[in-house]
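Take a look at the structure below.
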Amino acid sequence: MSTLTSDLAQELDGGRALPPVPARRGSRRIRSRLGRIAMYVLLVLLLTVVLLPFLWMLSSSFKHDDEVLTVPVQWLPTSFVWSNYAQIWTQIPMAGYLANSAFLAIVITILQVLTGSFAAYGFAKVRFPGRDALFLAYIATIAVPWQAYMIPQYMMMQKAGLTNTFTALILLQAFGAFGVFLMRQYYMTIPDELNEAARIDGLSDYGIWARIILPLSKPALASLALLTFVNTWNDYMGPFIYLSSNELWTVQIGLKSFIGQYSAQYALIMTGSVISIVPILVIFLAGQRYFISGIATSGMKG
């Protein structure tokens with residue numbers, strides 16, 4: 001029987017003997033496992049590289065100033081200076097800076113989501129002459145660096161008397177081409193038959209947007225809200241240019257108070273940086289599922 005099986009295998013393979021099927025399956029499983037292990041090792045290495053600066057920042061927040069920039073790097077402090085997290089609240093008005101950052105981030109995020117989603121509905125679901133050309137021209141503004149029109153913007157706000165106010169930052173950041181692009185890409189995945197059925201039922205474009213499109217776009221809305229909130233919270237140049245009063249400073253501007261003429265309180269800078277990351281970390285973990293879903297779906301159809 002074994003001889004007959006061997007002869008048959010040779011005939012099927014043109015005279016060459018085939019290896020036993022179980023052995024081939026076993027080698028495939030081994031290669032597959034080795035591939036997964038290599039991928040996991042690579043991901044762990046990449047994750048370590050990404051997290052190293054954050055781990056160093058967290059460790060430095062528990063050090064004295066003269067221990068932060070030691071060479072070689074001292075990853076663990078000789079003694080944990082827990083008082084840094086109590087001192088920072090009395091050294092600068094940290095609570096006020098956090099409140100200013102939260103106010104700007106929340107207001108700009110709400111307006112960005114509102115205007116971006118509404119404009120995206122017009123570009124995705126409303127037919128009018130020159131729609132695609134206008135959309136391409138609007139999206140092309142993303143390629144223009146902010147430094148190119150930074151000075152004209154400031155002059156406009158100065159003539160309007162809006163410098164040193166939150167209004168200037170809100171007006172400049174409440175509208176963005178990226179938000180329109182992200183939401184439009186998601187709206188394109190929604191069947192047009194839903195709009196046509198809603199119009200037959202008597203809904204206007206505003207009603208379709210508010211009652212049909214928005215409820216179906218929660219992942220994309222969450223993605224846009226998260227990206228806008230993080231970008232506004234971390235913004236340094238905008239508040240630095242337009243806000244001169246200490247009472248209006250955001251946490252990113254407030255941290256520069258620890259940089260003196262001849263020295264800097266590096267430990268407190270790291271402590272403030274750790275505190276400033278906590279709100280972003282909480283919001284990202286809360287909306288991670290919607291964020292990943294929105295980003296993945298927004299690129300399905302152009």
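Quick note on naming: the chains in the structure tokens go A, B, ... in the order shown, residues restart at 1 in each chain, and ligands are numbered from 1 in order of appearance.
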Output as CSV one row per residue of range 63-141 of chain A within 12 Å of range 268-290 of chain A: the closest atom pair and its distance in Å to one decimal place, counting only C-alpha atoms, sorted by chain and residue number ascending.
```
residue,atom,partner,partner_atom,distance
A:Lys63,CA,A:Leu268,CA,9.1
A:His64,CA,A:Leu268,CA,8.9
A:Asp65,CA,A:Leu268,CA,8.1
A:Asp66,CA,A:Leu268,CA,11.8
A:Val68,CA,A:Met270,CA,9.1
A:Leu69,CA,A:Met270,CA,11.6
A:Val81,CA,A:Leu268,CA,10.6
A:Trp82,CA,A:Thr271,CA,10.1
A:Ser83,CA,A:Leu268,CA,10.0
A:Asn84,CA,A:Leu268,CA,6.2
A:Tyr85,CA,A:Thr271,CA,6.5
A:Ala86,CA,A:Thr271,CA,9.8
A:Gln87,CA,A:Leu268,CA,8.2
A:Ile88,CA,A:Leu268,CA,6.4
A:Trp89,CA,A:Gly272,CA,9.2
A:Thr90,CA,A:Leu268,CA,11.4
A:Gln91,CA,A:Leu268,CA,9.2
A:Ile92,CA,A:Gly272,CA,10.1
A:Pro93,CA,A:Gly272,CA,11.3
A:Met94,CA,A:Gly272,CA,8.2
A:Ala95,CA,A:Ile275,CA,10.6
A:Tyr97,CA,A:Ser276,CA,9.8
A:Leu98,CA,A:Ser276,CA,7.6
A:Ala99,CA,A:Ser276,CA,11.1
A:Ser101,CA,A:Ser276,CA,9.5
A:Ala102,CA,A:Pro279,CA,9.0
A:Ala105,CA,A:Ile280,CA,10.6
A:Ile106,CA,A:Ile283,CA,11.8
```
Practice item. Determine, counting only C-alpha atoms, which protein, DNA and RNA residues have an atom within 10 Å of an atom of range 148-162 of chain A; residues of the same chain fewer than 6 positions away are not included. Present the result as a PyMOL selection string. Key: chain A and resi 168-169+171-172+238+241-243
Can you spit out the residues from that selection as a PDB file, in the first residue's frame, using N, CA, C and O atoms?
```
ATOM      1  N   ALA A 168     -10.300  85.974  18.876  1.00  0.00           N
ATOM      2  CA  ALA A 168      -9.422  85.873  17.709  1.00  0.00           C
ATOM      3  C   ALA A 168      -9.064  84.426  17.418  1.00  0.00           C
ATOM      4  O   ALA A 168      -9.142  83.965  16.273  1.00  0.00           O
ATOM      5  N   LEU A 169      -8.693  83.676  18.447  1.00  0.00           N
ATOM      6  CA  LEU A 169      -8.331  82.273  18.256  1.00  0.00           C
ATOM      7  C   LEU A 169      -9.533  81.451  17.822  1.00  0.00           C
ATOM      8  O   LEU A 169      -9.420  80.555  16.984  1.00  0.00           O
ATOM      9  N   LEU A 171     -12.246  82.481  16.140  1.00  0.00           N
ATOM     10  CA  LEU A 171     -12.618  82.781  14.762  1.00  0.00           C
ATOM     11  C   LEU A 171     -11.642  82.166  13.762  1.00  0.00           C
ATOM     12  O   LEU A 171     -12.044  81.720  12.683  1.00  0.00           O
ATOM     13  N   LEU A 172     -10.369  82.129  14.102  1.00  0.00           N
ATOM     14  CA  LEU A 172      -9.366  81.622  13.173  1.00  0.00           C
ATOM     15  C   LEU A 172      -9.329  80.102  13.104  1.00  0.00           C
ATOM     16  O   LEU A 172      -8.918  79.538  12.089  1.00  0.00           O
ATOM     17  N   GLY A 238      -0.452  79.902  18.292  1.00  0.00           N
ATOM     18  CA  GLY A 238      -1.646  80.743  18.270  1.00  0.00           C
ATOM     19  C   GLY A 238      -1.808  81.558  19.542  1.00  0.00           C
ATOM     20  O   GLY A 238      -1.853  82.802  19.495  1.00  0.00           O
ATOM     21  N   ILE A 241       0.933  84.227  19.998  1.00  0.00           N
ATOM     22  CA  ILE A 241       0.853  85.424  19.158  1.00  0.00           C
ATOM     23  C   ILE A 241      -0.265  86.352  19.603  1.00  0.00           C
ATOM     24  O   ILE A 241      -0.092  87.572  19.669  1.00  0.00           O
ATOM     25  N   TYR A 242      -1.427  85.801  19.948  1.00  0.00           N
ATOM     26  CA  TYR A 242      -2.613  86.626  20.162  1.00  0.00           C
ATOM     27  C   TYR A 242      -2.918  86.934  21.625  1.00  0.00           C
ATOM     28  O   TYR A 242      -3.677  87.858  21.895  1.00  0.00           O
ATOM     29  N   LEU A 243      -2.374  86.174  22.563  1.00  0.00           N
ATOM     30  CA  LEU A 243      -2.698  86.374  23.977  1.00  0.00           C
ATOM     31  C   LEU A 243      -1.480  86.923  24.703  1.00  0.00           C
ATOM     32  O   LEU A 243      -0.450  86.256  24.804  1.00  0.00           O
TER      33      LEU A 243
END
```
Check your understanding: Quick one: distance from CA of Asn234 in chain A to CA of Phe103 in chain A in Å, one decimal?
Key ->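 Going from CA of Asn234 in chain A over to CA of Phe103 in chain A covers 13.1 Å.
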Exercise for review: To one decimal in Å, tell me the separation between CA of Glu196 in chain A and CA of Pro215 in chain A.
Suggested key: 17.0 Å
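Compared by their closest atoms to Asp132 in chain A, and using only C-alpha atoms, the residues A:Leu255, A:Val230, A:Arg184, A:Gln147 rank with A:Arg184 nearest.
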Check your understanding: If we count only C-alpha atoms, what is near Phe181 in chain A at a cut-off of 12 Å, once residues fewer than 6 positions away on the same chain are taken out, given as number ranges by chain?
Key -> A: 113, 115-124, 135-142, 175, 187-188, 220, 224, 295, 298-299, 301-302
Study note, to complete from the structure: Using only C-alpha atoms, the shortest atom-to-atom distance to Ser245 in chain A among A:Trp56, A:Tyr206, A:Phe166, A:Phe62 belongs to A:Phe166
Check your understanding: Running DSSP on the backbone, which parts of range 126-196 of chain A land in alpha helix (DSSP H), as a ChimeraX atom specification?
Key -> /A:131-139,146-159,166-173,177-187,192-196
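One distance worth recording is that between CA of Lys125 in chain A and CA of Asp192 in chain A, which is 7.4 Å.
Remark: for Asp235 in chain A, the closest of the candidate residues A:Ala198, A:Met183, A:Ile253, A:Ala174 is A:Ile253 (distances computed over only C-alpha atoms).
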Review point. Looking at only C-alpha atoms, which of A:Ala177, A:Asn246, A:Ser61, A:Leu114 is the one that sits closest to Leu214 in chain A?
Key: A:Leu114
